[in-house]
Amino acid sequence: MNRSLRKGLPAFGRKAWGAARLSALAFAIGVSGLHTAFAGDYTLGAMDRLKIRVVEWQTAEGSLRDWSAISGDYTVGASGAISLPFLGTLPASGKTTSEIADEVGLQLQKLFGLPDRPSASVELAQYRPIYLAGDVQTPGEYPFAPDMTVLKAVSLGGGLRRGENGQRFARDFINAQGDASVQVAERNRLLVRRARVQAEIAEKNDIAVPGELKDVADAAELVESEKSLMVSRDKRLKLQLTALAELKALLQSEIESLGKKSVTQNRQLTLVVEDKGRVDALAEKGLALSARKLAIEQRVADLQAALLDIDTASLKAKQDVSKANQDEITLRNDWDAQLAQELQNTEAELDKLSLKQVTSRDLMTEALLQSADASQTPRPGAHAEISYSIVRQTDGKPKTIAADEGTPVQPGDVVKVEPALNTQ
């Protein structure tokens with residue numbers, strides 16, 4: 001409002017206008033502690049969070065209008081822009097908060113044809129994070145704070161990485177040594193198992209101690225354990241074979257009994273058939289009764305049926321004997337196949353275990369060498385130093401800057417910490 005217009009207002013109107021004007025001005029320039037950290041020259045970038053509030057002084061009404069639809073929190077996106085209601089996408093990367101505030105007010109005035117430009121307050125609610133990389137205890141992403149230096153940034157990550165190489169290599173050696181011990185014990189068991197399977201294949205009653213275990217303290221216990229298993233397996237096989245042999249003997253006895261019974265039945269049938277012939281001759285002469293003839297014929301039929309049953313039972317017994325023989329052959333073949341498969345699996349496990357043992361020995365050797373190297377002191381005249389550097393995006397390209405503990409850090413920086421050996 002110009003000076004002549006202010007003079008035309010009543011006293012209370014001039015006071016209201018002045019108070020409102022001062023309020024709007026104070027709001028427009030009011031910024032948070034974050035915003036003052038860089039004295040207004042901080043340029044925005046992706047992941048910065050902004051707090052925007054817009055008000056408009058309405059001259060005609062002499063009052064302030066709060067643009068609550070636009071006011072709020074916004075984050076600069078990966079494209080370097082923010083998206084506002086009505087205004088859409090506004091470029092923000094590389095600009096200051098003051099420039100964003102001026103742009104928001106100007107765009108709103110143009111869009112809505114306002115006589116007075118709205119006042120926008122843009123504050124930094126949260127800076128984009130920094131990143132720690134290299135020889136720090138916990139590398140990663142961390143929030144930025146004003147007045148941050150390299151030393152403060154490193155402290156966020158727990159400080160410099162502790163010198164624990166010797167301990168780590170010692171742990172590696174202990175782990176590899178433990179694995180090797182387990183593998184040795186497993187190999188001893190596999191060697192004795194292979195000896196037991198070979199003895200079973202050769203149908204021996206004892207297990208020879210493998211040559212690789214001649215000087216092993218617990219070799220006798222391992223052999224005794226496998227021998228107990230071998231005796232148990234052999235006993236089970238023999239029981240199965242004995243049961244089949246007894247079944248065959250029983251069936252063979254039944255066949256012989258049926259054969260004898262068949263001979264007796266045939267002899268009786270022969271006698272009855274002869275008797276039937278005499279009865280038939282008497283019947284032709286009229287000397288034999290029909291009832292006697294019928295009885296003798298029934299007797300012949302019964303004997304023939306009995307012989308047929310005997311033959312059927314004998315055939316069934318012979319089939320059972322054949323099946324028992326087949327079961328015995330199958331049992332022996334399955335036993336041989338099982339032994340061959342077990343031997344093959346044992347050999348494969350031994351080969352795999354040998355490779356693991358070689359790997360464990362190599363790991364132990366490497367751990368010992370590295371542990372020894374880590375425990376050595378630097379040669380005379382040499383001392384360890386830490387090298388700091390900052391990788392900063394400048395004009396869209398990464399730029400590496402040499403730094404020390406007191407170098408200021410900016411939002412979005414990558415702080416690299418690397419060990420160096422100074423021989424001067």
# chains A, B, ... in the order shown; residues from 1 in each chain; ligands from 1
call {"tool": "residues_around", "arguments": {"residues": "Glu212 (chain A)", "least_positions_apart": "5", "cutoff": "12 Å", "atoms": "only C-alpha atoms", "output": "list in words"}}
result
Val184, Arg187, Asn188, Arg189, Leu190, Leu191, Val192, Ala195, Ala217 and Ala219 of chain A
call {"tool": "select_by_dssp", "arguments": {"residues": "region 120-236 of chain A", "states": "helix (DSSP H, G or I)", "output": "ChimeraX atom specification"}}
result
/A:150-156,165-201,211-213,219-236
call {"tool": "residues_around", "arguments": {"residues": "Ile82 (chain A)", "least_positions_apart": "4", "cutoff": "10 Å", "atoms": "only C-alpha atoms", "output": "number ranges by chain"}}
result
A: 46, 49-50, 74-78, 87-93, 100
call {"tool": "atom_distance", "arguments": {"atom1": "CA of Arg161 (chain A)", "atom2": "CA of Ser389 (chain A)"}}
result
16.4 Å
call {"tool": "atom_distance", "arguments": {"atom1": "CA of Asp215 (chain A)", "atom2": "CA of Asp362 (chain A)"}}
result
24.3 Å
call {"tool": "atom_distance", "arguments": {"atom1": "CA of Gln137 (chain A)", "atom2": "CA of Gln410 (chain A)"}}
result
21.2 Å
call {"tool": "residues_around", "arguments": {"residues": "Leu315 (chain A)", "least_positions_apart": "2", "cutoff": "12 Å", "atoms": "only C-alpha atoms", "output": "MDAnalysis selection string"}}
result
chainID A and resid 251:252 254:256 258:259 308:313 317:322
call {"tool": "write_last_selection", "arguments": {"atoms": "C-alpha atoms", "output": "short mmCIF file (atom, residue, chain, number, x, y, z; two decimals), in the first residue's frame"}}
result
data_model
loop_
_atom_site.label_atom_id
_atom_site.label_comp_id
_atom_site.auth_asym_id
_atom_site.auth_seq_id
_atom_site.Cartn_x
_atom_site.Cartn_y
_atom_site.Cartn_z
CA LEU A 251 5.87 -127.61 1.89
CA GLN A 252 8.09 -130.41 0.65
CA GLU A 254 3.30 -131.78 2.54
CA ILE A 255 3.98 -132.68 -1.09
CA GLU A 256 5.43 -136.06 -0.07
CA LEU A 258 0.05 -135.84 -0.56
CA GLY A 259 1.98 -138.15 -2.90
CA LEU A 308 -8.44 -134.62 -7.78
CA ASP A 309 -8.27 -132.67 -4.47
CA ILE A 310 -4.96 -134.33 -3.63
CA ASP A 311 -3.51 -133.39 -7.00
CA THR A 312 -4.74 -129.79 -6.58
CA ALA A 313 -3.21 -129.48 -3.06
CA ALA A 317 2.30 -126.79 -2.42
CA LYS A 318 4.73 -127.03 -5.32
CA GLN A 319 3.83 -123.43 -6.34
CA ASP A 320 4.48 -122.28 -2.76
CA VAL A 321 7.87 -124.01 -2.83
CA SER A 322 8.71 -122.22 -6.05
#
call {"tool": "residues_around", "arguments": {"residues": "Glu224 (chain A)", "least_positions_apart": "3", "cutoff": "12 Å", "atoms": "only C-alpha atoms", "output": "VMD selection string"}}
result
chain A and resid 189 192 to 193 195 to 196 206 to 209 218 to 221 227 to 231
call {"tool": "write_last_selection", "arguments": {"atoms": "N, CA, C and O atoms", "output": "PDB file, in the first residue's frame"}}
result
ATOM      1  N   ARG A 189      34.828 -92.757  11.172  1.00  0.00           N
ATOM      2  CA  ARG A 189      33.622 -93.592  11.173  1.00  0.00           C
ATOM      3  C   ARG A 189      33.347 -94.160   9.782  1.00  0.00           C
ATOM      4  O   ARG A 189      32.950 -95.321   9.646  1.00  0.00           O
ATOM      5  N   VAL A 192      35.737 -97.122   9.001  1.00  0.00           N
ATOM      6  CA  VAL A 192      35.336 -98.356   9.668  1.00  0.00           C
ATOM      7  C   VAL A 192      34.055 -98.911   9.020  1.00  0.00           C
ATOM      8  O   VAL A 192      33.901-100.131   8.878  1.00  0.00           O
ATOM      9  N   ARG A 193      33.126 -98.018   8.635  1.00  0.00           N
ATOM     10  CA  ARG A 193      31.914 -98.491   7.953  1.00  0.00           C
ATOM     11  C   ARG A 193      32.267 -99.182   6.645  1.00  0.00           C
ATOM     12  O   ARG A 193      31.699-100.230   6.308  1.00  0.00           O
ATOM     13  N   ALA A 195      35.041-100.739   5.965  1.00  0.00           N
ATOM     14  CA  ALA A 195      35.632-102.044   6.311  1.00  0.00           C
ATOM     15  C   ALA A 195      34.540-103.049   6.671  1.00  0.00           C
ATOM     16  O   ALA A 195      34.620-104.234   6.308  1.00  0.00           O
ATOM     17  N   ARG A 196      33.505-102.598   7.381  1.00  0.00           N
ATOM     18  CA  ARG A 196      32.411-103.508   7.751  1.00  0.00           C
ATOM     19  C   ARG A 196      31.645-103.975   6.519  1.00  0.00           C
ATOM     20  O   ARG A 196      31.331-105.163   6.371  1.00  0.00           O
ATOM     21  N   ASP A 206      34.525-111.119  10.885  1.00  0.00           N
ATOM     22  CA  ASP A 206      35.271-110.128  11.643  1.00  0.00           C
ATOM     23  C   ASP A 206      35.613-108.948  10.735  1.00  0.00           C
ATOM     24  O   ASP A 206      35.602-109.076   9.504  1.00  0.00           O
ATOM     25  N   ILE A 207      35.930-107.816  11.352  1.00  0.00           N
ATOM     26  CA  ILE A 207      36.255-106.598  10.611  1.00  0.00           C
ATOM     27  C   ILE A 207      37.719-106.276  10.833  1.00  0.00           C
ATOM     28  O   ILE A 207      38.180-106.173  11.979  1.00  0.00           O
ATOM     29  N   ALA A 208      38.438-106.113   9.743  1.00  0.00           N
ATOM     30  CA  ALA A 208      39.846-105.741   9.846  1.00  0.00           C
ATOM     31  C   ALA A 208      39.959-104.233  10.079  1.00  0.00           C
ATOM     32  O   ALA A 208      39.254-103.441   9.449  1.00  0.00           O
ATOM     33  N   VAL A 209      40.833-103.834  10.998  1.00  0.00           N
ATOM     34  CA  VAL A 209      41.028-102.406  11.275  1.00  0.00           C
ATOM     35  C   VAL A 209      41.694-101.758  10.061  1.00  0.00           C
ATOM     36  O   VAL A 209      42.730-102.228   9.595  1.00  0.00           O
ATOM     37  N   ASP A 218      40.679 -94.241  19.369  1.00  0.00           N
ATOM     38  CA  ASP A 218      39.336 -94.818  19.485  1.00  0.00           C
ATOM     39  C   ASP A 218      38.971 -95.724  18.322  1.00  0.00           C
ATOM     40  O   ASP A 218      37.795 -96.001  18.091  1.00  0.00           O
ATOM     41  N   ALA A 219      39.979 -96.214  17.576  1.00  0.00           N
ATOM     42  CA  ALA A 219      39.699 -97.088  16.437  1.00  0.00           C
ATOM     43  C   ALA A 219      39.019 -98.375  16.883  1.00  0.00           C
ATOM     44  O   ALA A 219      38.087 -98.868  16.233  1.00  0.00           O
ATOM     45  N   ALA A 220      39.471 -98.952  18.010  1.00  0.00           N
ATOM     46  CA  ALA A 220      38.897-100.214  18.492  1.00  0.00           C
ATOM     47  C   ALA A 220      37.423-100.040  18.836  1.00  0.00           C
ATOM     48  O   ALA A 220      36.602-100.927  18.543  1.00  0.00           O
ATOM     49  N   GLU A 221      37.076 -98.911  19.432  1.00  0.00           N
ATOM     50  CA  GLU A 221      35.667 -98.675  19.774  1.00  0.00           C
ATOM     51  C   GLU A 221      34.820 -98.549  18.516  1.00  0.00           C
ATOM     52  O   GLU A 221      33.697 -99.074  18.447  1.00  0.00           O
ATOM     53  N   LYS A 227      31.051-103.738  14.290  1.00  0.00           N
ATOM     54  CA  LYS A 227      30.938-105.201  14.361  1.00  0.00           C
ATOM     55  C   LYS A 227      29.604-105.595  14.989  1.00  0.00           C
ATOM     56  O   LYS A 227      28.959-106.569  14.541  1.00  0.00           O
ATOM     57  N   SER A 228      29.164-104.869  16.007  1.00  0.00           N
ATOM     58  CA  SER A 228      27.855-105.145  16.610  1.00  0.00           C
ATOM     59  C   SER A 228      26.750-104.962  15.572  1.00  0.00           C
ATOM     60  O   SER A 228      25.807-105.764  15.497  1.00  0.00           O
ATOM     61  N   LEU A 229      26.874-103.933  14.769  1.00  0.00           N
ATOM     62  CA  LEU A 229      25.890-103.717  13.702  1.00  0.00           C
ATOM     63  C   LEU A 229      25.932-104.842  12.685  1.00  0.00           C
ATOM     64  O   LEU A 229      24.882-105.327  12.232  1.00  0.00           O
ATOM     65  N   MET A 230      27.145-105.300  12.335  1.00  0.00           N
ATOM     66  CA  MET A 230      27.281-106.376  11.363  1.00  0.00           C
ATOM     67  C   MET A 230      26.664-107.666  11.891  1.00  0.00           C
ATOM     68  O   MET A 230      25.966-108.390  11.168  1.00  0.00           O
ATOM     69  N   VAL A 231      26.899-107.976  13.167  1.00  0.00           N
ATOM     70  CA  VAL A 231      26.323-109.191  13.765  1.00  0.00           C
ATOM     71  C   VAL A 231      24.807-109.114  13.760  1.00  0.00           C
ATOM     72  O   VAL A 231      24.115-110.085  13.443  1.00  0.00           O
TER      73      VAL A 231
END
call {"tool": "residues_around", "arguments": {"residues": "Gln107 (chain A)", "least_positions_apart": "6", "cutoff": "12 Å", "atoms": "only C-alpha atoms", "output": "PyMOL selection string"}}
result
chain A and resi 54+84-90+100-101+113-114+116-120
call {"tool": "residues_around", "arguments": {"residues": "Met364 (chain A)", "least_positions_apart": "4", "cutoff": "7 Å", "atoms": "only C-alpha atoms", "output": "list in words"}}
result
Phe173, Ala176, Gln177, Ser360 and Leu368 of chain A
